[in-house]
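S.K.: Structure file target-v9.cif (mmCIF, C-alpha atoms) right here:
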data_input
loop_
_atom_site.label_atom_id
_atom_site.label_comp_id
_atom_site.auth_asym_id
_atom_site.auth_seq_id
_atom_site.Cartn_x
_atom_site.Cartn_y
_atom_site.Cartn_z
CA MET A 579 45.99 -61.60 -12.61
CA LYS A 580 42.30 -61.95 -13.43
CA LEU A 581 39.89 -62.49 -10.54
CA ASP A 582 37.88 -65.10 -12.43
CA GLN A 583 41.04 -67.28 -12.54
CA VAL A 584 41.46 -67.31 -8.76
CA CYS A 585 40.35 -70.65 -7.39
CA GLU A 586 39.81 -71.04 -3.67
CA LYS A 587 40.73 -74.36 -2.09
CA TYR A 588 39.63 -75.38 1.36
CA THR A 589 40.89 -78.22 3.45
CA TYR A 590 38.55 -79.28 6.23
CA ILE A 591 40.32 -80.81 9.18
CA GLY A 592 38.29 -82.76 11.71
CA PHE A 593 34.84 -82.18 10.21
CA ASP A 594 32.87 -82.82 7.04
CA PRO A 595 30.72 -79.90 5.78
CA LYS A 596 27.59 -81.42 4.30
CA GLY A 597 25.68 -78.24 3.58
CA ILE A 598 22.96 -79.08 6.10
CA LYS A 599 21.52 -76.15 7.99
CA TYR A 600 18.38 -75.18 9.87
CA THR A 601 15.26 -74.99 7.77
CA PHE A 602 11.63 -74.74 8.77
CA ASP A 603 8.16 -75.70 7.71
CA VAL A 604 6.55 -72.31 7.02
CA GLU A 605 3.01 -73.52 7.70
CA LYS A 606 3.90 -75.00 11.11
CA VAL A 607 5.91 -71.95 12.13
CA VAL A 608 3.06 -69.62 11.19
CA ASP A 609 0.60 -71.90 13.04
CA ALA A 610 2.77 -71.53 16.14
CA PHE A 611 2.54 -67.74 15.90
CA VAL A 612 -1.10 -67.31 14.91
CA GLY A 613 -3.72 -66.38 17.45
CA GLU A 614 -4.23 -68.63 20.45
CA ASN A 615 -0.92 -70.44 19.97
CA LEU A 616 1.04 -67.31 20.88
CA TYR A 617 -1.45 -65.18 22.81
CA ASN A 618 -3.95 -66.28 25.44
CA ASP A 619 -6.25 -63.25 25.50
CA ARG A 620 -8.34 -61.93 22.58
CA LEU A 621 -7.86 -58.36 23.82
CA THR A 622 -4.16 -58.76 23.03
CA THR A 623 -5.22 -58.01 19.46
CA LEU A 624 -6.33 -54.49 20.36
CA ARG A 625 -3.19 -53.88 22.39
CA GLU A 626 -0.95 -54.99 19.51
CA VAL A 627 -2.76 -52.94 16.87
CA ILE A 628 -2.79 -49.85 19.07
CA GLN A 629 0.91 -50.34 19.92
CA ASN A 630 1.70 -50.53 16.19
CA ALA A 631 -0.26 -47.31 15.59
CA ILE A 632 1.52 -45.59 18.48
CA ASP A 633 4.93 -46.76 17.25
CA THR A 634 4.44 -45.30 13.77
CA CYS A 635 3.16 -42.02 15.23
CA ARG A 636 6.00 -41.75 17.75
CA TYR A 637 8.61 -42.45 15.07
CA LYS A 638 7.02 -39.89 12.74
CA LYS A 639 7.22 -37.38 15.62
CA VAL A 640 10.97 -38.10 15.91
CA LEU A 641 11.38 -37.47 12.17
CA GLU A 642 9.14 -34.42 11.85
CA GLY A 643 9.31 -32.81 15.28
CA ASP A 644 6.75 -30.42 16.74
CA LYS A 645 5.02 -29.69 13.43
CA TYR A 646 3.41 -33.17 13.58
CA LYS A 647 0.47 -33.95 15.86
CA PRO A 648 -0.05 -37.73 16.37
CA GLU A 649 -3.58 -39.11 16.08
CA VAL A 650 -4.79 -42.65 16.82
CA SER A 651 -8.47 -43.54 16.87
CA VAL A 652 -10.31 -46.75 17.75
CA ILE A 653 -13.86 -47.20 16.46
CA ILE A 654 -15.77 -50.30 17.55
CA PHE A 655 -18.74 -51.57 15.58
CA GLU A 656 -20.69 -54.77 16.14
CA GLU A 657 -19.03 -56.53 13.19
CA LYS A 658 -15.66 -54.78 12.93
CA ILE A 659 -13.09 -52.65 14.70
CA ILE A 660 -11.26 -49.82 12.94
CA ILE A 661 -7.93 -48.57 14.26
CA GLU A 662 -6.66 -45.54 12.36
CA ASP A 663 -3.50 -43.47 12.71
CA ASN A 664 -1.80 -40.61 10.91
CA GLY A 665 1.66 -42.13 11.22
CA LEU A 666 4.16 -42.93 8.48
CA GLY A 667 2.10 -45.57 6.67
CA MET A 668 3.58 -48.43 4.66
CA ASP A 669 4.62 -48.78 1.04
CA GLU A 670 4.94 -52.07 -0.84
CA PHE A 671 8.61 -52.46 0.18
CA ILE A 672 7.76 -52.18 3.89
CA ILE A 673 4.79 -54.54 3.54
CA LYS A 674 6.94 -57.17 1.80
CA ASN A 675 10.11 -56.88 3.88
CA PHE A 676 8.76 -56.12 7.36
CA PHE A 677 4.99 -56.37 7.80
CA GLY A 678 4.69 -59.62 5.85
CA LYS A 679 7.89 -61.18 7.15
CA LEU A 680 7.63 -63.16 10.39
CA GLY A 681 10.12 -61.96 12.98
CA SER A 682 11.14 -58.86 11.05
CA SER A 683 10.54 -55.43 12.57
CA PHE A 684 10.93 -52.17 10.66
CA TYR A 685 12.06 -50.56 13.91
CA GLN A 686 14.99 -52.97 14.32
CA GLN A 687 16.86 -51.62 11.29
CA GLU A 688 20.13 -50.02 12.39
CA ASN A 689 19.29 -46.59 10.97
CA VAL A 690 15.92 -46.58 12.78
CA LYS A 691 17.18 -48.08 16.06
CA LYS A 692 19.71 -45.25 16.41
CA GLU A 693 16.93 -42.65 16.49
CA TYR A 694 13.99 -44.46 18.01
CA GLU A 695 13.13 -47.18 20.52
CA ALA A 696 9.88 -48.87 19.49
CA ILE A 697 7.31 -50.51 21.74
CA GLY A 698 7.17 -53.50 19.38
CA ASN A 699 10.44 -55.24 18.63
CA PHE A 700 9.86 -58.80 17.49
CA GLY A 701 7.74 -58.62 14.33
CA VAL A 702 5.11 -61.11 15.51
CA GLY A 703 2.37 -58.85 16.93
CA VAL A 704 0.42 -58.85 13.68
CA PHE A 705 -0.32 -62.54 14.24
CA SER A 706 -2.40 -61.66 17.29
CA TYR A 707 -4.88 -59.99 14.93
CA PHE A 708 -6.18 -63.44 14.07
CA LEU A 709 -7.45 -63.97 17.61
CA MET A 710 -10.42 -61.79 16.69
CA SER A 711 -10.77 -62.34 12.97
CA ASP A 712 -10.04 -64.76 10.15
CA TYR A 713 -8.79 -61.89 8.00
CA ILE A 714 -7.82 -58.22 8.27
CA ASP A 715 -8.03 -55.38 5.79
CA ILE A 716 -5.44 -52.63 5.78
CA GLU A 717 -5.38 -49.33 3.93
CA THR A 718 -2.10 -47.50 4.13
CA LYS A 719 -0.32 -44.58 2.52
CA THR A 720 3.13 -43.09 2.87
CA LYS A 721 4.15 -39.56 1.97
CA ASN A 722 5.63 -40.70 -1.36
CA SER A 723 3.46 -43.67 -2.35
CA GLU A 724 -0.04 -44.38 -3.55
CA THR A 725 -2.63 -45.74 -1.14
CA LEU A 726 -2.51 -49.51 -0.80
CA HIS A 727 -5.52 -51.56 0.28
CA PHE A 728 -4.86 -55.19 1.04
CA ARG A 729 -6.30 -58.16 2.89
CA LEU A 730 -4.47 -60.95 4.63
CA ASP A 731 -5.77 -64.02 6.35
CA LYS A 732 -4.31 -66.54 8.74
CA ASP A 733 -3.71 -69.23 6.13
CA PRO A 734 0.03 -68.98 5.36
CA LYS A 735 -0.50 -70.48 1.89
CA ASN A 736 -2.54 -67.45 0.81
CA TYR A 737 -1.05 -64.33 -0.70
CA PHE A 738 -1.90 -60.84 0.45
CA HIS A 739 -4.76 -59.66 -1.76
CA PHE A 740 -4.36 -56.10 -3.02
CA PHE A 741 -7.47 -54.19 -4.09
CA SER A 742 -7.78 -51.32 -6.53
CA LYS A 743 -10.41 -49.47 -4.44
CA TYR A 744 -9.57 -47.61 -1.28
CA GLU A 745 -10.76 -44.73 0.90
CA ARG A 746 -7.51 -43.50 2.43
CA LYS A 747 -6.26 -40.15 1.11
CA LYS A 748 -3.81 -39.08 3.84
CA MET A 749 -0.70 -40.68 5.34
CA GLY A 750 -0.99 -43.42 7.94
CA GLN A 751 -3.09 -46.51 8.01
CA LEU A 752 -6.59 -47.73 8.57
#
Rewrite the structure from the file as structure tokens, please.

M.R.:
Amino acid sequence: MKLDQVCEKYTYIGFDPKGIKYTFDVEKVVDAFVGENLYNDRLTTLREVIQNAIDTCRYKKVLEGDKYKPEVSVIIFEEKIIIEDNGLGMDEFIIKNFFGKLGSSFYQQENVKKEYEAIGNFGVGVFSYFLMSDYIDIETKTKNSETLHFRLDKDPKNYFHFFSKYERKKMGQL
């Protein structure tokens, strides 16, 4: 018997499947999670960014052990704040599938959850960044990828903008 000749037949008893399911308006959902709509204190931004830096450093420590020394720095200028870590960094796959995906957390993957319990779990903390700024710039590098420098803003219709110039040479993010 050939599998392409098998025809499945279903009989629905007592209900009519119409193919209707939950959907959502991306712009309205993002609006609900951006800035003041989710967080009530601007300083939440610093807490969330620092928690993300700590999470990547703590997870790298799990993977690399005592040979790794975590570093997180916060530098405050009048016009900008720089949070830098020497954690795992992000490659394009992680940016697309976790960082840029509302409600998706890298640390909630089964293979990661078995080894590590993250501070952040819900994949929405990045939206607090927009309490303090209309856009954020990120430079990031993993052990096996090139440095990526990109900008994102709070308008969900805009793409992440990747730049060809960057300063980051070592793993982690800026």

S.K.: Which protein, DNA or RNA residues have an atom at most 12 Å from (9.4, -40.8, 16.2), counting all atoms listed in the file? List them as a ChimeraX atom specification.

M.R.: /A:631-644,646-648,665-666,685,690-697

S.K.: Could you work out how far atom CA of A:His727 lies from atom CA of A:Ser682, giving the answer in Å with one decimal?

M.R.: 21.1 Å

S.K.: How many Å separate atom CA of A:Thr622 from atom CA of A:Ser706?

M.R.: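 Between atom CA of A:Thr622 and atom CA of A:Ser706 the gap works out to 6.7 Å.
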
S.K.: Report the distance between atom CA of A:Tyr713 and atom CA of A:His739 in Å, rounded to one decimal place.

M.R.: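 It comes out at 10.8 Å.
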
S.K.: Between A:Phe677, A:Phe593, A:Phe708, A:Phe740, which one has atoms that come closest to A:Asp619, using all atoms listed in the file?

M.R.: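 For A:Asp619, the nearest of the given residues is A:Phe708.
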
S.K.: Would you pick out the contacts of A:Leu624 at 10 Å or less, using all atoms listed in the file, so that residues sharing its chain but fewer than 2 positions from it are not included, and give the list as a JSON list (two decimals) with C-alpha atoms, in the frame of the given file?

M.R.:
[["chain", "number", "residue", "atom", "x", "y", "z"],
["A", 620, "ARG", "CA", -8.34, -61.93, 22.58],
["A", 621, "LEU", "CA", -7.86, -58.36, 23.82],
["A", 622, "THR", "CA", -4.16, -58.76, 23.03],
["A", 626, "GLU", "CA", -0.95, -54.99, 19.51],
["A", 627, "VAL", "CA", -2.76, -52.94, 16.87],
["A", 628, "ILE", "CA", -2.79, -49.85, 19.07],
["A", 629, "GLN", "CA", 0.91, -50.34, 19.92],
["A", 630, "ASN", "CA", 1.70, -50.53, 16.19],
["A", 652, "VAL", "CA", -10.31, -46.75, 17.75],
["A", 659, "ILE", "CA", -13.09, -52.65, 14.70],
["A", 661, "ILE", "CA", -7.93, -48.57, 14.26],
["A", 706, "SER", "CA", -2.40, -61.66, 17.29],
["A", 707, "TYR", "CA", -4.88, -59.99, 14.93],
["A", 709, "LEU", "CA", -7.45, -63.97, 17.61],
["A", 710, "MET", "CA", -10.42, -61.79, 16.69]]

S.K.: Please write the residues picked by the PyMOL selection byres ((chain A and resi 649) around 6) on this file as a compact mmCIF listing (two decimals) with C-alpha atoms, in the frame of the given file.

M.R.:
# COMPACT_ATOMS: atom_id res chain seq x y z
CA PRO A 648 -0.05 -37.73 16.37
CA VAL A 650 -4.79 -42.65 16.82
CA ASP A 663 -3.50 -43.47 12.71
CA ASN A 664 -1.80 -40.61 10.91

S.K.: Select, from A:Lys679, A:Lys743, A:Lys658, A:Lys674, the residue with the minimum atom-to-atom distance to A:Ile714, counting only C-alpha atoms.

M.R.: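 The answer is A:Lys658, which sits nearest to A:Ile714.
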
S.K.: Starting from the displayed file, determine the output of the PyMOL selection byres ((chain A and resi 720) around 6) and express the residue list as number ranges by chain.

M.R.: A: 666-668, 719, 721-723, 749
